[in-house]
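J.: Here you go, this is my_file_5.txt (compact mmCIF, C-alpha atoms and all ligand atoms).
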```
# COMPACT_ATOMS: atom_id res chain seq x y z
CA MET A 130 28.09 -115.46 6.10
CA THR A 131 30.72 -117.74 4.61
CA ARG A 132 29.19 -120.51 2.54
CA LEU A 133 29.68 -124.00 3.91
CA LEU A 134 28.75 -127.11 1.91
CA SER A 135 28.87 -130.65 3.26
CA VAL A 136 30.54 -133.17 0.98
CA HIS A 137 29.37 -136.73 1.26
CA SER A 138 31.15 -138.43 -1.62
CA VAL A 139 33.72 -137.72 -4.32
CA ASP A 140 31.00 -137.18 -6.93
CA ASP A 141 29.17 -134.64 -4.79
CA PRO A 142 28.22 -131.61 -6.95
CA ALA A 143 29.74 -129.37 -4.25
CA ILE A 144 33.18 -130.43 -5.54
CA LEU A 145 32.45 -129.16 -9.05
CA GLU A 146 31.14 -125.91 -7.62
CA ALA A 147 34.32 -125.56 -5.56
CA ALA A 148 36.45 -126.31 -8.62
CA ALA A 149 34.69 -123.56 -10.58
CA ILE A 150 35.42 -121.04 -7.82
CA LEU A 151 39.10 -122.08 -7.77
CA THR A 152 39.39 -121.91 -11.56
CA ALA A 153 38.01 -118.36 -11.42
CA GLY A 154 40.71 -117.34 -8.91
CA GLY A 155 38.68 -117.76 -5.71
CA LEU A 156 39.47 -119.36 -2.34
CA VAL A 157 38.02 -122.67 -1.16
CA ALA A 158 38.78 -124.34 2.17
CA PHE A 159 38.80 -128.13 1.90
CA PRO A 160 39.50 -131.13 4.13
CA THR A 161 42.72 -133.10 3.93
CA GLU A 162 43.68 -136.06 6.12
CA THR A 163 45.89 -133.76 8.24
CA VAL A 164 44.09 -130.41 8.68
CA TYR A 165 41.80 -128.23 6.52
CA GLY A 166 43.62 -126.32 3.77
CA LEU A 167 42.86 -122.89 2.33
CA GLY A 168 43.08 -123.58 -1.40
CA ALA A 169 43.71 -121.46 -4.47
CA ASP A 170 44.87 -122.17 -8.01
CA GLY A 171 48.58 -122.67 -7.36
CA LEU A 172 49.62 -121.39 -10.78
CA ASN A 173 47.62 -118.14 -10.50
CA PRO A 174 49.68 -115.57 -8.54
CA ALA A 175 46.69 -113.27 -7.95
CA ALA A 176 44.69 -116.13 -6.45
CA VAL A 177 47.61 -117.14 -4.22
CA ALA A 178 47.95 -113.50 -3.11
CA ARG A 179 44.38 -113.77 -1.79
CA ILE A 180 45.50 -116.65 0.48
CA TYR A 181 48.15 -114.43 2.06
CA ALA A 182 45.63 -111.62 2.57
CA ALA A 183 42.96 -113.91 4.07
CA LYS A 184 45.41 -115.49 6.54
CA GLY A 185 47.40 -112.35 7.36
CA ARG A 186 50.41 -114.43 6.39
CA PRO A 187 53.81 -112.77 5.93
CA ALA A 188 55.00 -112.75 2.31
CA THR A 189 58.22 -114.47 3.47
CA ASN A 190 56.37 -117.71 4.26
CA PRO A 191 55.91 -119.99 1.20
CA VAL A 192 52.92 -122.31 0.63
CA ILE A 193 52.61 -125.99 -0.24
CA LEU A 194 51.35 -127.07 -3.67
CA HIS A 195 48.93 -130.01 -3.52
CA VAL A 196 49.05 -132.39 -6.48
CA ASP A 197 47.24 -135.52 -7.65
CA GLY A 198 50.37 -137.66 -7.88
CA PRO A 199 54.14 -137.92 -8.46
CA ALA A 200 53.97 -137.05 -12.19
CA SER A 201 52.31 -133.69 -11.50
CA ALA A 202 54.75 -133.06 -8.65
CA ARG A 203 57.77 -133.81 -10.77
CA ALA A 204 56.65 -131.32 -13.44
CA LEU A 205 56.85 -128.56 -10.81
CA THR A 206 60.49 -129.30 -9.96
CA SER A 207 63.77 -128.68 -11.73
CA ARG A 208 65.39 -131.71 -10.08
CA TRP A 209 63.58 -134.86 -8.99
CA PRO A 210 66.01 -137.21 -7.23
CA ALA A 211 65.58 -140.99 -6.95
CA GLU A 212 64.71 -140.48 -3.25
CA ALA A 213 61.65 -138.48 -4.27
CA THR A 214 60.39 -141.35 -6.43
CA ALA A 215 60.91 -143.84 -3.60
CA LEU A 216 59.26 -141.58 -1.00
CA ALA A 217 56.29 -140.81 -3.24
CA GLU A 218 55.80 -144.52 -3.93
CA ARG A 219 55.86 -145.33 -0.24
CA PHE A 220 54.05 -142.36 1.36
CA TRP A 221 51.83 -140.74 -1.31
CA PRO A 222 49.01 -140.10 -1.22
CA GLY A 223 49.58 -139.12 2.41
CA SER A 224 50.93 -136.81 5.08
CA LEU A 225 54.40 -136.19 3.67
CA THR A 226 55.45 -132.90 2.03
CA LEU A 227 58.62 -132.84 -0.07
CA VAL A 228 60.70 -129.69 -0.60
CA LEU A 229 62.54 -129.71 -3.94
CA PRO A 230 64.12 -127.23 -6.37
CA ALA A 231 61.25 -125.45 -8.15
CA SER A 232 60.71 -125.35 -11.89
CA GLU A 233 60.06 -122.03 -13.63
CA GLN A 234 56.37 -122.89 -13.73
CA VAL A 235 56.01 -122.28 -9.97
CA PRO A 236 55.00 -118.67 -9.29
CA ALA A 237 57.38 -116.66 -7.09
CA ILE A 238 54.63 -115.93 -4.57
CA VAL A 239 54.14 -119.68 -3.94
CA ARG A 240 57.87 -120.01 -3.18
CA ALA A 241 58.07 -116.70 -1.25
CA ASN A 242 60.76 -115.88 -3.83
CA GLY A 243 62.90 -118.83 -2.76
CA PRO A 244 64.41 -121.45 -5.09
CA THR A 245 62.38 -124.40 -3.76
CA VAL A 246 58.78 -125.62 -3.77
CA ALA A 247 56.94 -127.76 -1.20
CA LEU A 248 54.80 -130.55 -2.72
CA ARG A 249 52.22 -132.84 -1.20
CA CYS A 250 49.77 -135.38 -2.57
CA PRO A 251 46.96 -135.53 0.01
CA ALA A 252 45.14 -138.80 0.71
CA HIS A 253 41.72 -137.33 1.55
CA PRO A 254 39.28 -138.32 -1.24
CA VAL A 255 37.68 -134.84 -1.30
CA ALA A 256 41.09 -133.17 -1.68
CA GLN A 257 42.02 -135.61 -4.44
CA ALA A 258 38.73 -135.09 -6.28
CA LEU A 259 39.08 -131.31 -6.02
CA ILE A 260 42.64 -131.27 -7.40
CA LYS A 261 41.56 -133.48 -10.30
CA ALA A 262 38.47 -131.37 -11.01
CA VAL A 263 40.58 -128.18 -11.19
CA GLY A 264 43.30 -129.95 -13.18
CA ARG A 265 46.02 -127.80 -11.63
CA PRO A 266 48.06 -127.87 -8.41
CA LEU A 267 46.33 -126.24 -5.44
CA ALA A 268 48.27 -123.90 -3.18
CA ALA A 269 46.99 -124.57 0.33
CA PRO A 270 48.30 -123.60 3.73
CA SER A 271 46.35 -124.59 6.82
CA ALA A 272 43.03 -122.71 6.77
CA ASN A 273 43.57 -120.52 9.83
CA ARG A 274 44.74 -116.98 10.58
CA SER A 275 48.55 -116.83 10.55
CA GLN A 276 50.08 -118.22 13.79
CA HIS A 277 46.75 -119.47 15.14
CA LEU A 278 45.62 -123.06 15.68
CA SER A 279 45.20 -125.22 12.59
CA PRO A 280 41.62 -126.28 11.78
CA THR A 281 40.54 -129.90 12.13
CA LEU A 282 36.83 -129.08 11.59
CA ALA A 283 35.05 -126.92 8.99
CA GLU A 284 33.70 -124.81 11.87
CA HIS A 285 37.26 -123.95 12.91
CA VAL A 286 37.86 -122.55 9.43
CA ALA A 287 34.69 -120.46 9.53
CA SER A 288 35.51 -118.95 12.91
CA SER A 289 39.17 -118.27 12.07
CA LEU A 290 38.85 -116.91 8.50
CA GLY A 291 35.21 -115.85 8.26
CA GLU A 292 34.42 -113.80 5.18
CA GLY A 293 37.92 -114.27 3.75
CA VAL A 294 36.91 -117.58 2.12
CA ASP A 295 34.49 -117.99 -0.81
CA LEU A 296 33.43 -121.53 0.12
CA ILE A 297 34.20 -124.12 2.79
CA LEU A 298 33.82 -127.80 1.91
CA ASP A 299 32.84 -129.64 5.07
CA GLY A 300 34.15 -133.20 5.12
CA GLY A 301 33.88 -133.68 8.89
CA PRO A 302 36.80 -134.00 11.32
CA THR A 303 40.25 -134.62 9.83
CA ALA A 304 41.89 -137.97 10.61
CA ALA A 305 45.48 -137.15 11.56
CA GLY A 306 44.81 -133.78 13.20
CA LEU A 307 48.41 -132.54 12.84
CA GLU A 308 50.00 -131.02 9.74
CA SER A 309 52.10 -133.11 7.35
CA THR A 310 55.72 -134.04 7.93
CA ILE A 311 57.90 -131.73 5.82
CA LEU A 312 61.07 -133.25 4.37
CA ASP A 313 63.59 -131.04 2.58
CA LEU A 314 65.30 -132.90 -0.27
CA SER A 315 66.86 -129.79 -1.82
CA GLY A 316 70.08 -129.87 0.22
CA ALA A 317 73.00 -132.24 0.52
CA ARG A 318 71.17 -134.45 3.04
CA PRO A 319 67.45 -135.06 3.62
CA ARG A 320 66.25 -132.92 6.49
CA ILE A 321 62.95 -132.89 8.39
CA LEU A 322 61.74 -129.29 8.65
CA ARG A 323 58.53 -130.13 10.52
CA PRO A 324 57.75 -133.39 12.35
CA GLY A 325 54.32 -134.81 11.55
CA PRO A 326 52.33 -137.99 11.03
CA VAL A 327 55.06 -139.68 8.94
CA ALA A 328 57.68 -140.66 11.54
CA PRO A 329 61.43 -139.97 11.17
CA ALA A 330 62.16 -143.70 11.58
CA ASP A 331 59.97 -144.52 8.57
CA LEU A 332 61.84 -141.93 6.51
CA ALA A 333 65.21 -143.15 7.76
CA ALA A 334 64.28 -146.75 6.88
CA LEU A 335 63.99 -145.64 3.28
CA LEU A 336 66.66 -142.93 3.08
CA GLY A 337 69.34 -143.87 5.57
CA VAL A 338 70.40 -140.76 7.49
CA VAL A 339 67.80 -138.03 7.96
CA ASP A 340 68.61 -134.78 9.74
CA LEU A 341 66.12 -133.14 12.02
CA TRP A 342 65.99 -129.37 11.85
CA GLU A 343 65.52 -128.01 15.34
CA GLY A 344 66.77 -124.49 14.85
CA ALA A 345 63.36 -122.89 15.49
CA VAL A 346 63.62 -119.15 15.22
CA LYS A 347 63.22 -116.93 18.28
CA PRO A 348 60.28 -114.51 18.24
CA GLY A 349 61.15 -111.30 16.41
CA ALA A 350 64.29 -112.72 14.77
CA THR A 351 64.63 -113.06 11.02
CA GLN A 352 63.51 -116.48 9.88
CA ALA A 353 66.41 -118.75 8.92
CA ALA A 354 64.06 -121.18 7.18
CA PRO A 355 60.65 -120.27 5.85
CA GLY A 356 57.71 -120.66 8.19
CA MET A 357 59.71 -121.84 11.13
CA ALA A 358 58.72 -119.03 13.45
CA GLU A 359 58.99 -120.21 17.02
CA ARG A 360 55.49 -119.16 18.10
CA HIS A 361 52.90 -120.91 16.00
CA TYR A 362 49.73 -122.98 16.32
CA ALA A 363 48.80 -120.91 19.33
CA PRO A 364 45.48 -120.91 21.18
CA ARG A 365 44.06 -117.68 22.65
CA ALA A 366 44.51 -119.06 26.15
CA ARG A 367 47.98 -118.95 27.68
CA LEU A 368 49.43 -122.46 27.38
CA GLU A 369 51.96 -123.59 29.97
CA LEU A 370 53.82 -126.90 30.00
CA VAL A 371 54.54 -128.49 33.39
CA ALA A 372 56.13 -131.68 34.72
CA PRO A 373 53.86 -134.74 34.55
CA GLY A 374 51.89 -135.39 37.75
CA SER A 375 52.63 -131.96 39.21
CA GLY A 376 49.00 -130.84 39.29
CA GLN A 377 50.47 -127.31 39.53
CA ALA A 378 47.84 -124.86 38.43
CA ALA A 379 47.08 -122.06 40.81
CA GLY A 380 46.15 -118.48 40.07
CA PRO A 381 43.33 -116.31 38.79
CA GLY A 382 41.05 -116.97 35.83
CA PRO A 383 39.43 -120.17 34.58
CA ILE A 384 42.13 -122.84 34.26
CA ALA A 385 42.17 -126.19 32.49
CA TYR A 386 44.73 -128.85 33.43
CA VAL A 387 45.56 -131.46 30.80
CA ALA A 388 47.31 -134.72 31.74
CA PHE A 389 48.41 -137.81 29.82
CA GLY A 390 47.50 -141.28 31.09
CA HIS A 391 46.67 -140.23 34.66
CA LEU A 392 45.01 -137.16 36.16
CA PRO A 393 46.53 -135.97 39.47
CA PRO A 394 44.24 -134.60 42.22
CA LEU A 395 43.12 -131.04 41.39
CA PRO A 396 41.23 -128.31 43.23
CA ASP A 397 37.52 -128.07 42.31
CA SER A 398 38.08 -124.76 40.57
CA ILE A 399 40.26 -126.38 37.91
CA ARG A 400 38.86 -128.41 35.03
CA GLY A 401 40.88 -131.62 34.61
CA ILE A 402 41.19 -133.21 31.17
CA LEU A 403 42.67 -136.64 30.64
CA LEU A 404 44.30 -137.60 27.35
CA PRO A 405 45.41 -141.16 26.54
CA LEU A 406 49.06 -142.25 26.43
CA ASP A 407 48.69 -142.74 22.70
CA ALA A 408 50.54 -140.25 20.50
CA GLU A 409 48.43 -140.82 17.41
CA ALA A 410 45.13 -140.42 19.27
CA VAL A 411 46.42 -137.26 20.96
CA GLY A 412 47.59 -135.87 17.60
CA THR A 413 44.13 -136.36 16.15
CA ARG A 414 42.49 -134.59 19.08
CA LEU A 415 45.02 -131.92 20.10
CA PHE A 416 44.00 -128.89 18.02
CA ALA A 417 40.28 -129.61 18.45
CA LEU A 418 40.77 -129.70 22.24
CA LEU A 419 42.63 -126.37 22.26
CA HIS A 420 39.87 -124.86 20.08
CA GLU A 421 37.23 -126.16 22.54
CA LEU A 422 39.08 -124.75 25.56
CA ASP A 423 39.35 -121.36 23.81
CA ASP A 424 35.65 -121.40 22.99
CA ALA A 425 34.82 -122.32 26.59
CA GLY A 426 36.69 -119.21 27.77
CA PHE A 427 39.65 -120.75 29.59
CA GLU A 428 42.36 -118.14 30.11
CA ARG A 429 45.07 -120.60 31.02
CA VAL A 430 45.72 -124.13 29.87
CA VAL A 431 48.26 -125.97 32.01
CA MET A 432 49.39 -129.08 30.21
CA GLU A 433 51.75 -131.81 31.30
CA ARG A 434 54.76 -132.24 29.07
CA PRO A 435 54.02 -135.15 26.72
CA PRO A 436 56.23 -138.25 26.96
CA GLU A 437 59.70 -138.41 25.42
CA GLY A 438 60.24 -140.67 22.44
CA GLU A 439 59.92 -140.33 18.71
CA ALA A 440 56.23 -141.18 18.49
CA TRP A 441 55.46 -137.98 20.42
CA MET A 442 57.78 -135.70 18.45
CA ALA A 443 55.08 -133.96 16.37
CA VAL A 444 52.86 -133.39 19.42
CA ARG A 445 55.83 -132.01 21.42
CA ASP A 446 56.75 -129.71 18.52
CA ARG A 447 53.25 -128.21 18.27
CA LEU A 448 52.92 -127.79 22.04
CA ARG A 449 56.34 -126.17 22.36
CA ARG A 450 55.46 -123.64 19.67
CA ALA A 451 51.97 -123.06 21.06
CA SER A 452 53.39 -122.30 24.50
CA VAL A 453 55.94 -119.70 23.41
CA LYS A 454 54.95 -116.34 24.88
CA GLU A 455 53.94 -113.61 22.47
CA PRO A 456 56.84 -111.31 21.64
CA VAL A 457 56.51 -108.08 23.67
O1 LIG B 1 49.26 -130.95 6.38
C1 LIG B 1 49.63 -129.92 5.82
O2 LIG B 1 50.79 -129.76 5.40
C2 LIG B 1 48.58 -128.81 5.64
C3 LIG B 1 47.51 -129.31 4.68
C4 LIG B 1 46.50 -128.24 4.36
O3 LIG B 1 48.10 -129.82 3.54
N1 LIG B 1 49.21 -127.62 5.16
C5 LIG B 1 49.99 -126.84 5.93
O4 LIG B 1 50.43 -125.68 5.31
O5 LIG B 1 50.27 -127.11 7.08
P1 LIG B 1 51.08 -124.46 6.13
O6 LIG B 1 51.32 -123.40 5.11
O7 LIG B 1 50.21 -124.12 7.27
O8 LIG B 1 52.43 -125.03 6.61
C6 LIG B 1 53.38 -125.36 5.62
C7 LIG B 1 54.76 -125.11 6.10
C8 LIG B 1 55.02 -123.65 6.42
O9 LIG B 1 55.71 -123.61 7.66
C9 LIG B 1 55.93 -123.20 5.29
O10 LIG B 1 56.86 -122.27 5.73
C10 LIG B 1 56.61 -124.49 4.88
O11 LIG B 1 55.62 -125.45 5.00
N2 LIG B 1 57.05 -124.41 3.49
C11 LIG B 1 56.29 -124.18 2.39
N3 LIG B 1 57.05 -124.12 1.29
C12 LIG B 1 58.32 -124.34 1.69
C13 LIG B 1 59.57 -124.39 1.02
N4 LIG B 1 59.67 -124.20 -0.29
N5 LIG B 1 60.67 -124.61 1.77
C14 LIG B 1 60.57 -124.81 3.11
N6 LIG B 1 59.43 -124.77 3.80
C15 LIG B 1 58.31 -124.53 3.11
MG MG B 2 49.82 -123.51 9.11
```
Could you write out this file's structure as structure tokens?

T.:
Amino acid sequence: MTRLLSVHSVDDPAILEAAAILTAGGLVAFPTETVYGLGADGLNPAAVARIYAAKGRPATNPVILHVDGPASARALTSRWPAEATALAERFWPGSLTLVLPASEQVPAIVRANGPTVALRCPAHPVAQALIKAVGRPLAAPSANRSQHLSPTLAEHVASSLGEGVDLILDGGPTAAGLESTILDLSGARPRILRPGPVAPADLAALLGVVDLWEGAVKPGATQAAPGMAERHYAPRARLELVAPGSGQAAGPGPIAYVAFGHLPPLPDSIRGILLPLDAEAVGTRLFALLHELDDAGFERVVMERPPEGEAWMAVRDRLRRASVKEPV
């Protein structure tokens, strides 16, 4: 059995135990305000290699380094532009990841051999305390098998990664529920690689023009940007997106129908689920709901397309990727 320890405060002894495991090259899953991360000492290539093995993650997909603040982040870069200072002041600690040119200190395996490093200063007090206790940056992707749903509960980590983790710190459900916004500052213009809790408009207010990268890679094709595989965050059930209000969900197997704001009439055989017309609330709940529907044995999840508009961008992104059919 994987060990799971509840953490109730930042001076909980479980944090020191977790730090000792990380310092010795082990793997610890810990809560952040977005999703649970699978942590290792980010400056120890052998420890980071264990992350890839535990997740079944392709070596071409780099990992984020989690730091305790801008000074530690800056030391891991070879160029730290004025924008990075402004963004860190405004959004750190928080759900924003910055991609910058890496310094020589960053192991190649963290960067997937690329020239850049992704850096994030998480707001969750347990994550902060753990980084400080280890005294080094923590490499941490989401604590799930590669391509599967991200974990928003410690139990999700245990069921997805099982024995692959030395310890899971249980800090309860995560607040944001969707992974951080990733902003690439290594190119000529700032570019959002992954929409998330920090909205494009908030970034644009600080930076001026921000590009949005929408060139998601088709299944089977070589990845143009790291980690941007089209199918991602996928439940076991087949997820289909339909027009709002259609109620369309016929066919064999247990089916769940998910609507936003209003549930259309459905046959008795179909389980209807109503989500609020509130992007933030849906973001918090989305992965947990898909986990629950998987656990309940639904073979198909028919979900109405979420509303247009920027507030829903991160939810739309995750659902689009989760609904891409497996490459045959
Ligand atoms: O909220 C989050 O960001 C969570 C928590 C645990 O911090 N972490 C997370 O990590 O979502 P992961 O590995 O599941 O997703 C990180 C994404 C991947 O798609 C990866 O390809 C991309 O960040 N990434 C990492 N390093 C990069 C780099 N140097 N350049 C571009 N993309 C990078
Ligand atoms: Mg992930």

J.: Compute the set of protein, DNA and RNA residues whose minimum atom distance to ligand MG 2 (chain B) is at most 9 Å, using only C-alpha atoms and all ligand atoms, and state it as a compact mmCIF listing (two decimals) with C-alpha atoms, in the frame of the given file.

T.:
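Below you can see part_15.txt, which holds the result:
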```txt
# COMPACT_ATOMS: atom_id res chain seq x y z
CA VAL A 164 44.09 -130.41 8.68
CA GLY A 166 43.62 -126.32 3.77
CA PRO A 270 48.30 -123.60 3.73
CA SER A 271 46.35 -124.59 6.82
CA ALA A 272 43.03 -122.71 6.77
CA ASN A 273 43.57 -120.52 9.83
CA ARG A 274 44.74 -116.98 10.58
CA SER A 275 48.55 -116.83 10.55
CA GLN A 276 50.08 -118.22 13.79
CA HIS A 277 46.75 -119.47 15.14
CA LEU A 278 45.62 -123.06 15.68
CA SER A 279 45.20 -125.22 12.59
CA GLU A 308 50.00 -131.02 9.74
CA GLY A 356 57.71 -120.66 8.19
CA HIS A 361 52.90 -120.91 16.00
CA TYR A 362 49.73 -122.98 16.32
```

J.: In terms of the shortest atom-to-atom distance over all atoms listed in the file, which of A:Pro435, A:Pro405, A:Pro160, A:Gly337 is closest to Pro373 in chain A?

T.: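 Of the candidates, the smallest distance to Pro373 in chain A is held by A:Pro435.
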
J.: Which protein, DNA or RNA residues are at most 10 Å from (42.6, -135.2, 17.4) in the file's coordinates when you count all atoms listed in the file, listed as an MDAnalysis selection string?

T.: chainID A and resid 163 281 302:307 408:418

J.: Considering all atoms listed in the file, give me a table of residues in chain A that are at most 8 Å from ligand LIG 1 (chain B), with the closest atom pair and distance in Å for each, as CSV.

T.:
```
residue,atom,partner,partner_atom,distance
A:Pro160,CA,B:LIG1,C4,7.6
A:Thr161,CA,B:LIG1,C3,6.2
A:Glu162,CA,B:LIG1,O1,7.6
A:Thr163,CA,B:LIG1,O1,4.8
A:Val164,CA,B:LIG1,C3,5.4
A:Tyr165,CA,B:LIG1,C4,5.2
A:Gly166,CA,B:LIG1,C4,3.5
A:Leu167,CA,B:LIG1,C4,6.8
A:Asn190,CA,B:LIG1,O10,4.8
A:Pro191,CA,B:LIG1,N3,4.3
A:Val192,CA,B:LIG1,C11,4.2
A:Ile193,CA,B:LIG1,C11,4.9
A:His195,CA,B:LIG1,O3,7.1
A:Ser224,CA,B:LIG1,O1,6.2
A:Leu225,CA,B:LIG1,O2,7.6
A:Thr226,CA,B:LIG1,O2,6.6
A:Val228,CA,B:LIG1,N4,5.6
A:Leu229,CA,B:LIG1,N4,7.2
A:Val239,CA,B:LIG1,N3,7.5
A:Arg240,CA,B:LIG1,N4,5.4
A:Ala241,CA,B:LIG1,N4,7.7
A:Gly243,CA,B:LIG1,N4,6.7
A:Pro244,CA,B:LIG1,N4,7.3
A:Thr245,CA,B:LIG1,N4,4.4
A:Val246,CA,B:LIG1,N4,3.9
A:Ala247,CA,B:LIG1,N3,4.4
A:Leu248,CA,B:LIG1,N3,7.9
A:Arg249,CA,B:LIG1,O3,7.0
A:Pro251,CA,B:LIG1,O3,6.8
A:Ala269,CA,B:LIG1,C4,5.5
A:Pro270,CA,B:LIG1,O6,3.3
A:Ser271,CA,B:LIG1,O7,3.9
A:Ala272,CA,B:LIG1,C4,7.0
A:Asn273,CA,B:LIG1,O7,8.0
A:Ser279,CA,B:LIG1,O7,7.4
A:Leu307,CA,B:LIG1,O1,6.7
A:Glu308,CA,B:LIG1,O1,3.4
A:Ser309,CA,B:LIG1,O1,3.7
A:Thr310,CA,B:LIG1,O2,7.0
A:Ile311,CA,B:LIG1,O11,6.7
A:Asp313,CA,B:LIG1,C14,6.9
A:Leu322,CA,B:LIG1,N6,7.0
A:Arg323,CA,B:LIG1,O9,7.7
A:Ala354,CA,B:LIG1,C14,6.5
A:Pro355,CA,B:LIG1,O10,4.3
A:Gly356,CA,B:LIG1,O10,3.1
A:Met357,CA,B:LIG1,O9,5.6
A:Ala358,CA,B:LIG1,O9,8.0
```

J.: Ranking A:Leu227, A:Leu298, A:Leu145, A:Leu392 by minimum distance to Arg320 in chain A and counting all atoms listed in the file, which one comes first?

T.: A:Leu227

J.: Determine the nearest neighbour of Asp197 in chain A from the options A:Leu216, A:Ala258, A:Ala143, A:Ala149, counting only C-alpha atoms.

T.: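 Closest candidate: A:Ala258.
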